[in-house]
Amino acid sequence: MGPIHVRFAILMHEAAHRLLFSKKALNDWVGTWLIASPAFVPLSVYRRGHMAHHREEFGPHEPDIAFYSGYPSRPRDLGRRLFRDAIGISGYKNLRTLVQAAFKASSRKIALPIIGVQLALFAGLWLASGAWWAYPLLWLAPWMTQWRVLNRLRAIAEHGGMGASDDRRAATHHVKQHWLARACFVPYCTGWHLAHHVDMAIPWRNLPKFNDRLEAAGYITPAITFKNYPALWRALTAER
């Protein structure tokens with residue numbers, strides 16, 4: 001289920017860019033109710049933060065700086081972060097924040113629809129399977145554990161160890177894509193992340209072709225290309 005949550009997250013990302021459907025209303029409705037809310041995310045809030053990320057990676061309004069900073073790191077530092085993700089500590093913090101938001105007047109309108117969708121999933125899975133534990137075991141637990149690990153590995157592969165720059169190649173990694181990585185944590189062509197940052201208006205399905213054009217033009221070179229994700233993770237955890 002971890003890779004399934006990854007797919008929800010990446011489709012939500014497409015909806016945030018309004019690239020999921022050409023009609024804005026349909027894009028936002030599907031993105032909000034069928035993708036983002038099941039993934040525990042308020043689409044409108046995510047969109048604002050993500051657009052700030054695209055305007056200036058590592059800028060003052062970078063929403064994911066906690067994922068990207070601190071690299072290169074020691075292998076045990078990354079191991080400790082992944083362990084906290086794997087046993088649910090990171091997920092618990094996010095879930096607690098969502099529940100707390102439901103009791104605050106300033107954030108109730110954002111949190112309650114997400115909680116409502118989760119309760120509907122709980123009831124729907126219970127009715128469909130006859131097992132009350134289907135939702136907590138097959139949906140909530142993987143979101144709190146497996147997805148956290150995969151999301152961190154993807155995030156640091158995108159921008160870990162990089163820095164603010166007008167040159168997108170200095171702010172975003174480029175990694176050769178392989179079927180196993182695409183199946184596990186970079187589906188829907190999201191692994192062509194440098195191409196996405198060069199032009200964020202290109203739909204996911206066209207990113208491989210756009211990436212090929214960037215390589216043919218000499219913008220993306222072998223010198224900045226990692227042969228696979230393990231090679232990049234090793235570089236980000238190399239002892240100094």
# chains A, B, ... in the order shown; residues from 1 in each chain; ligands from 1

$ residues_around --residues "A:Ala39" --least-positions-apart "4" --cutoff "10 Å" --atoms "only C-alpha atoms" --output "PDB file with C-alpha atoms, in the first residue's frame"
ATOM      1  CA  HIS A   5      -0.135   6.240  -1.316  1.00  0.00           C
ATOM      2  CA  VAL A   6       2.751   7.496  -3.441  1.00  0.00           C
ATOM      3  CA  ARG A   7       0.442   7.451  -6.445  1.00  0.00           C
ATOM      4  CA  PHE A   8      -2.159   9.466  -4.596  1.00  0.00           C
ATOM      5  CA  ALA A   9       0.513  12.014  -3.655  1.00  0.00           C
ATOM      6  CA  MET A  12      -2.418  15.324  -6.082  1.00  0.00           C
ATOM      7  CA  THR A  32      -9.667  17.723  -3.625  1.00  0.00           C
ATOM      8  CA  TRP A  33     -12.212  14.984  -2.926  1.00  0.00           C
ATOM      9  CA  LEU A  34     -10.925  11.875  -4.693  1.00  0.00           C
ATOM     10  CA  ILE A  35      -7.170  12.342  -4.324  1.00  0.00           C
ATOM     11  CA  LEU A  43      -5.218  20.662  -1.797  1.00  0.00           C
ATOM     12  CA  ILE A 114     -10.414  15.627   5.310  1.00  0.00           C
ATOM     13  CA  VAL A 117     -13.443  11.697   3.915  1.00  0.00           C
ATOM     14  CA  GLN A 118     -11.335   9.454   6.152  1.00  0.00           C
ATOM     15  CA  TRP A 139      -4.965   2.463   4.626  1.00  0.00           C
ATOM     16  CA  LEU A 140      -3.989   4.402   7.732  1.00  0.00           C
ATOM     17  CA  TRP A 143       0.223   6.066   5.195  1.00  0.00           C
TER      18      TRP A 143
END

$ residues_around --residues "A:His197" --least-positions-apart "2" --cutoff "10 Å" --atoms "only C-alpha atoms" --output "list in words"
His53, His54, Arg55, Glu57, Arg168, Arg169, Ala171, Thr172, Trp192, His193, Leu194, Ala195, Asp199, Met200, Ala201 and Ile202 of chain A

$ atom_distance --atom1 "atom CA of A:Pro187" --atom2 "atom CA of A:His17"
16.4 Å

$ select_by_dssp --residues "stretch 21-228 of chain A" --states "strand (DSSP E)" --output "ChimeraX atom specification"
/A:174-175,225-226

$ write_last_selection --atoms "C-alpha atoms" --output "compact mmCIF listing (two decimals), in the first residue's frame"
# COMPACT_ATOMS: atom_id res chain seq x y z
CA HIS A 174 18.62 14.38 -12.34
CA VAL A 175 18.43 10.58 -12.10
CA THR A 225 23.11 12.58 -14.11
CA PHE A 226 23.03 9.86 -11.46

$ closest_residue --among "A:His173, A:Val198, A:Thr145, A:Gly70" --to "A:Phe210" --atoms "only C-alpha atoms"
A:Val198

$ select_by_dssp --residues "stretch 55-233 of chain A" --states "alpha helix (DSSP H)" --output "PyMOL selection string"
chain A and resi 55+65-68+75-86+89-101+108-129+134-135+141-144+146-159+179-184+193-198+207-216+229-233

$ atom_distance --atom1 "atom CA of A:Gly88" --atom2 "atom CA of A:Gly116"
22.1 Å

$ decode --residues "stretch 174-192 of chain A" --atoms "N, CA and C atoms" --output "compact mmCIF listing (two decimals), in the first residue's frame"
# COMPACT_ATOMS: atom_id res chain seq x y z
N HIS A 174 19.11 15.12 -11.18
CA HIS A 174 18.62 14.38 -12.34
C HIS A 174 19.09 12.93 -12.21
N VAL A 175 18.14 12.01 -12.30
CA VAL A 175 18.43 10.58 -12.10
C VAL A 175 17.86 9.79 -13.27
N LYS A 176 18.66 8.86 -13.81
CA LYS A 176 18.15 7.96 -14.84
C LYS A 176 17.02 7.12 -14.25
N GLN A 177 15.99 6.90 -15.05
CA GLN A 177 14.80 6.22 -14.56
C GLN A 177 14.81 4.73 -14.90
N HIS A 178 14.38 3.92 -13.94
CA HIS A 178 14.29 2.48 -14.10
C HIS A 178 12.91 2.01 -13.64
N TRP A 179 12.48 0.90 -14.16
CA TRP A 179 11.11 0.45 -13.92
C TRP A 179 10.81 0.21 -12.45
N LEU A 180 11.79 -0.30 -11.68
CA LEU A 180 11.52 -0.62 -10.28
C LEU A 180 11.28 0.66 -9.48
N ALA A 181 12.09 1.68 -9.73
CA ALA A 181 11.88 2.95 -9.04
C ALA A 181 10.53 3.54 -9.41
N ARG A 182 10.17 3.47 -10.68
CA ARG A 182 8.88 4.01 -11.11
C ARG A 182 7.72 3.25 -10.47
N ALA A 183 7.90 1.96 -10.25
CA ALA A 183 6.84 1.16 -9.63
C ALA A 183 6.69 1.46 -8.15
N CYS A 184 7.80 1.81 -7.49
CA CYS A 184 7.77 1.95 -6.03
C CYS A 184 7.53 3.37 -5.54
N PHE A 185 8.26 4.36 -6.08
CA PHE A 185 8.16 5.68 -5.44
C PHE A 185 8.26 6.88 -6.38
N VAL A 186 8.46 6.67 -7.67
CA VAL A 186 8.44 7.81 -8.60
C VAL A 186 7.51 7.48 -9.79
N PRO A 187 6.23 7.22 -9.53
CA PRO A 187 5.30 6.90 -10.62
C PRO A 187 4.92 8.15 -11.40
N TYR A 188 4.19 7.95 -12.47
CA TYR A 188 3.66 9.05 -13.29
C TYR A 188 4.76 10.02 -13.71
N CYS A 189 5.93 9.45 -14.03
CA CYS A 189 7.04 10.23 -14.61
C CYS A 189 7.57 11.31 -13.68
N THR A 190 7.25 11.24 -12.40
CA THR A 190 7.73 12.28 -11.49
C THR A 190 9.23 12.21 -11.28
N GLY A 191 9.85 11.10 -11.67
CA GLY A 191 11.29 10.99 -11.55
C GLY A 191 12.05 11.91 -12.49
N TRP A 192 11.41 12.38 -13.54
CA TRP A 192 12.03 13.36 -14.43
C TRP A 192 11.84 14.74 -13.81
